[in-house]
Amino acid sequence: MSSLIEASGITRDYHKGSTLIHVLKGLNISVDRGEFIAIMGPSGSGKSTLMHILGCLQSPTSGRYLLDGMDVFSAPDRVRSSIRANHIGFVFQTFNLIPQLNVYENVELPLLYSDIGNSTAEERVLHAVDQVGLKKRINHKPGELSGGEMQRVAIARAIAINPSLVLADEPTGNLDSATGLEIMKLFKRLHDDGATIVLITHDSEVASHAQRRIYIKDGLLTEEKGI
Amino acid sequence: MVKTIRYAIRSLLVHKMRAALSVLGIVCGVMAVLSMLAIGEGAKQEALSQIEQLGTRNIYIKAISLTDEQKIKARERLSRGLHLNDVRNIKHGSVDIDEIAYLKEIRASLIGESRDVTPQIVASSSNYAHVQKLVISQGRFIADQDSRRRNLVCVLGDSVAKSLGSDGKPGRSIRIEDMVFKIVGVLKRYDQKSGKSSVISIRNYNEMVFLPWGTASGTEQSVITGTNSSSDELTEIIVTASNIKKIQSAVELLKRILETTHGGVMDYQIIVPQELLRQSMKTRRTFNIVLGTIAGISLLVGGIGIMNIMLATVSERTREIGIRRAVGATQMNIITQFLVECVLLTLSGGIIGIVAGVGSVWLISTMAEWRTAITLWSLLLPFTMSACAGIFFGLYPAYVAARMDPISALRHE
Ligand SMILES: Nc1ncnc2c1ncn2[C@@H]1O[C@H](COP(=O)(O)OP(=O)(O)OP(=O)(O)O)[C@@H](O)[C@H]1O
Ligand SMILES: [Mg+2]
């Protein structure tokens, strides 16, 4: 199988006042097309940072990142936007829903920027909302939802475009184990349909659904093979 | 795009008061521009309709009454005022002239029961009606032979005829001073188009009685005795140029002829209707400059106000921008979103301004009694101007929004 994600020597520094902190220290990661992997690691280890880089949302300080063979960070911003809109489904740790928009409109958001036509868009939105079990809440604003419901809206938004790459940052963090399991089933179904899934989690129970688990520590990755 | 517009309207409505206040400057600017255009257009139309009525090819030479002091001077220089001789001189001296008509006001009055109209008695050349486009409703106008034979005939203006009732018809007679004149014609009602700001007064032909030139004002003796009419002095000469392009040269020539024959005494005045347009525009230019300045300043101030509000909006919605960018919005999408919002804001200001402007134009035209005209152009220009202001002043805030780093925007609180 060919690699969908091929990153090498990725570093990311942050300025904290006058000190420079190195969060990612030249890590290498490669994910095959159609793979389901889990990234685990302690808090502050740089998991979210890595996800943002893999999602073409934040450039690495140095290193090379090929997505589907394309060096995305030397491509124009417009191209990265288009990749995000059409191929990547994000589930953010902090949900990142727009409070002024209702559930439907939040889920619809990536479709506005993708190449998907208006008629299929509506169908996709309704299907995605249905899959996360929020059909009854479709006209509610995020402020009227519980943490778990907001998380499910975020998931619905990520899957609405039928992404080939799903990047999910703690997607079950706010869910009870039963709902969490539902969501994991959803990810599995997406995986079965051919999507590549990168899941970030603290929970080894959740991580056990993945084909491969990767640990991030001190800005580098270590891998644990098999289940 | 429909969704973008709908969303923009929604986010504007979140801060209704803010939007309303920010748009005030644009409202004022648009109002000023619209009023300016409507007043300018009104002035132009008024001048044009006057020119039309006065005849586009006509040149008016009017006698000016002199002060005693000036009269002495005029006599020294052998000027006899506006005179039949001037007509002859012009006829001989000019080439680009089609017709010359002339008229003299006679201080005589119609005898009869008191009426609501006091007609003005004039003696005119037979081509006067033609030159002034006076239309006959009954009978005929004064003819050449009336003048030659000193016929005791007259033509009545519409109001005069009406005031005479059944006696105001061709075939009946009227008395002027001690003479009886037979009515041979009645003029059709004359629609006087002089406005308040007319540079030249248009005669009210409805209240006039025309007599043949030779009858009323022969060189040797006038038929009407006891008046000052027994001379060839004229009140007005109307010269019709052979075509519009020749007016300027005809005027030059007239000036030269009259200057020599009148010995340089300015006991006459030359009025060219074509010049009315220029003059009436000039009178309103000051007003236009004031309004134009107000328009410019309020559009600028309004625009800066809008820019300010948009910058505030952008910084308030940083997180939203981050989210949109994260799910795939391009920088262009973000620019479009904020530009649409800004243009909607200024356009609604523009529309309010247009409504208020139409109102203020109405107020101006009733209060100042100025003729105004609102054309499509005077609605479209301020409308597009407000749209352009939206684009112009929205561009920077939209650019600020688009340039944000998605991740920093997402982390923004
Ligand atoms: N924009 C930033 N500016 C400064 N420091 C940052 C920035 N973003 C992340 N960091 C730092 O980088 C480190 C890694 O952050 P990151 O969010 O990737 O951690 P994480 O592994 O996702 O942690 P958690 O499990 O708590 O979500 C943290 O120490 C954080 O303080
Ligand atoms: Mg994190």
# chains A, B, ... in the order shown; residues from 1 in each chain; ligands from 1
>>> residues_near_ligand(ligand="ligand 1", cutoff="7 Å", atoms="only C-alpha atoms and all ligand atoms", output="list in words")
Tyr14, His15, Lys16, Val23, Gly41, Pro42, Ser43, Gly44, Ser45, Gly46, Lys47, Ser48, Thr49 and Leu50 of chain A; Ser408 of chain B
>>> write_last_selection(atoms="N, CA and C atoms", output="PDB file, in the first residue's frame")
ATOM      1  N   TYR A  14       7.830  26.756  19.442  1.00  0.00           N
ATOM      2  CA  TYR A  14       6.955  27.870  19.824  1.00  0.00           C
ATOM      3  C   TYR A  14       7.759  28.864  20.636  1.00  0.00           C
ATOM      4  N   HIS A  15       7.468  30.121  20.429  1.00  0.00           N
ATOM      5  CA  HIS A  15       8.077  31.142  21.276  1.00  0.00           C
ATOM      6  C   HIS A  15       7.190  31.332  22.477  1.00  0.00           C
ATOM      7  N   LYS A  16       7.754  31.127  23.636  1.00  0.00           N
ATOM      8  CA  LYS A  16       6.990  31.426  24.838  1.00  0.00           C
ATOM      9  C   LYS A  16       7.720  32.560  25.527  1.00  0.00           C
ATOM     10  N   VAL A  23       8.625  21.688  20.562  1.00  0.00           N
ATOM     11  CA  VAL A  23       7.558  20.736  20.851  1.00  0.00           C
ATOM     12  C   VAL A  23       7.766  19.453  20.050  1.00  0.00           C
ATOM     13  N   GLY A  41      -0.186   9.914  23.883  1.00  0.00           N
ATOM     14  CA  GLY A  41       0.929  10.601  24.528  1.00  0.00           C
ATOM     15  C   GLY A  41       0.428  11.484  25.633  1.00  0.00           C
ATOM     16  N   PRO A  42       1.339  11.886  26.514  1.00  0.00           N
ATOM     17  CA  PRO A  42       0.923  12.717  27.637  1.00  0.00           C
ATOM     18  C   PRO A  42       0.474  14.106  27.196  1.00  0.00           C
ATOM     19  N   SER A  43      -0.196  14.755  28.101  1.00  0.00           N
ATOM     20  CA  SER A  43      -0.682  16.097  27.794  1.00  0.00           C
ATOM     21  C   SER A  43       0.486  17.038  27.530  1.00  0.00           C
ATOM     22  N   GLY A  44       0.356  17.851  26.537  1.00  0.00           N
ATOM     23  CA  GLY A  44       1.398  18.828  26.201  1.00  0.00           C
ATOM     24  C   GLY A  44       2.536  18.235  25.399  1.00  0.00           C
ATOM     25  N   SER A  45       2.364  17.002  24.953  1.00  0.00           N
ATOM     26  CA  SER A  45       3.458  16.365  24.220  1.00  0.00           C
ATOM     27  C   SER A  45       3.486  16.784  22.755  1.00  0.00           C
ATOM     28  N   GLY A  46       2.447  17.448  22.314  1.00  0.00           N
ATOM     29  CA  GLY A  46       2.467  17.945  20.934  1.00  0.00           C
ATOM     30  C   GLY A  46       1.556  17.182  19.989  1.00  0.00           C
ATOM     31  N   LYS A  47       0.586  16.466  20.543  1.00  0.00           N
ATOM     32  CA  LYS A  47      -0.316  15.677  19.693  1.00  0.00           C
ATOM     33  C   LYS A  47      -1.168  16.581  18.799  1.00  0.00           C
ATOM     34  N   SER A  48      -1.753  17.597  19.437  1.00  0.00           N
ATOM     35  CA  SER A  48      -2.600  18.501  18.649  1.00  0.00           C
ATOM     36  C   SER A  48      -1.771  19.235  17.608  1.00  0.00           C
ATOM     37  N   THR A  49      -0.571  19.630  18.017  1.00  0.00           N
ATOM     38  CA  THR A  49       0.316  20.314  17.073  1.00  0.00           C
ATOM     39  C   THR A  49       0.578  19.432  15.852  1.00  0.00           C
ATOM     40  N   LEU A  50       0.851  18.173  16.106  1.00  0.00           N
ATOM     41  CA  LEU A  50       1.115  17.249  15.000  1.00  0.00           C
ATOM     42  C   LEU A  50      -0.119  17.123  14.106  1.00  0.00           C
TER      43      LEU A  50
ATOM     44  N   SER B 408      -3.605  30.438  14.985  1.00  0.00           N
ATOM     45  CA  SER B 408      -3.674  31.514  15.995  1.00  0.00           C
ATOM     46  C   SER B 408      -5.102  31.994  16.130  1.00  0.00           C
TER      47      SER B 408
END
>>> interface_residues(of="chain A", to="chain B", cutoff="10 Å", atoms="only C-alpha atoms", output="MDAnalysis selection string")
chainID A and resid 49 52 55:59 77:92 94:101 106 109:114 157:158
>>> closest_residue(among="A:Gln211, A:Asn28, A:Gln151, A:Gln93", to="ligand 2", atoms="only C-alpha atoms and all ligand atoms")
A:Gln93
>>> atom_distance(atom1="CA of Ser109 (chain B)", atom2="CA of Gly157 (chain B)")
14.5 Å
>>> atom_distance(atom1="CA of Leu66 (chain B)", atom2="CA of Leu234 (chain B)")
14.0 Å
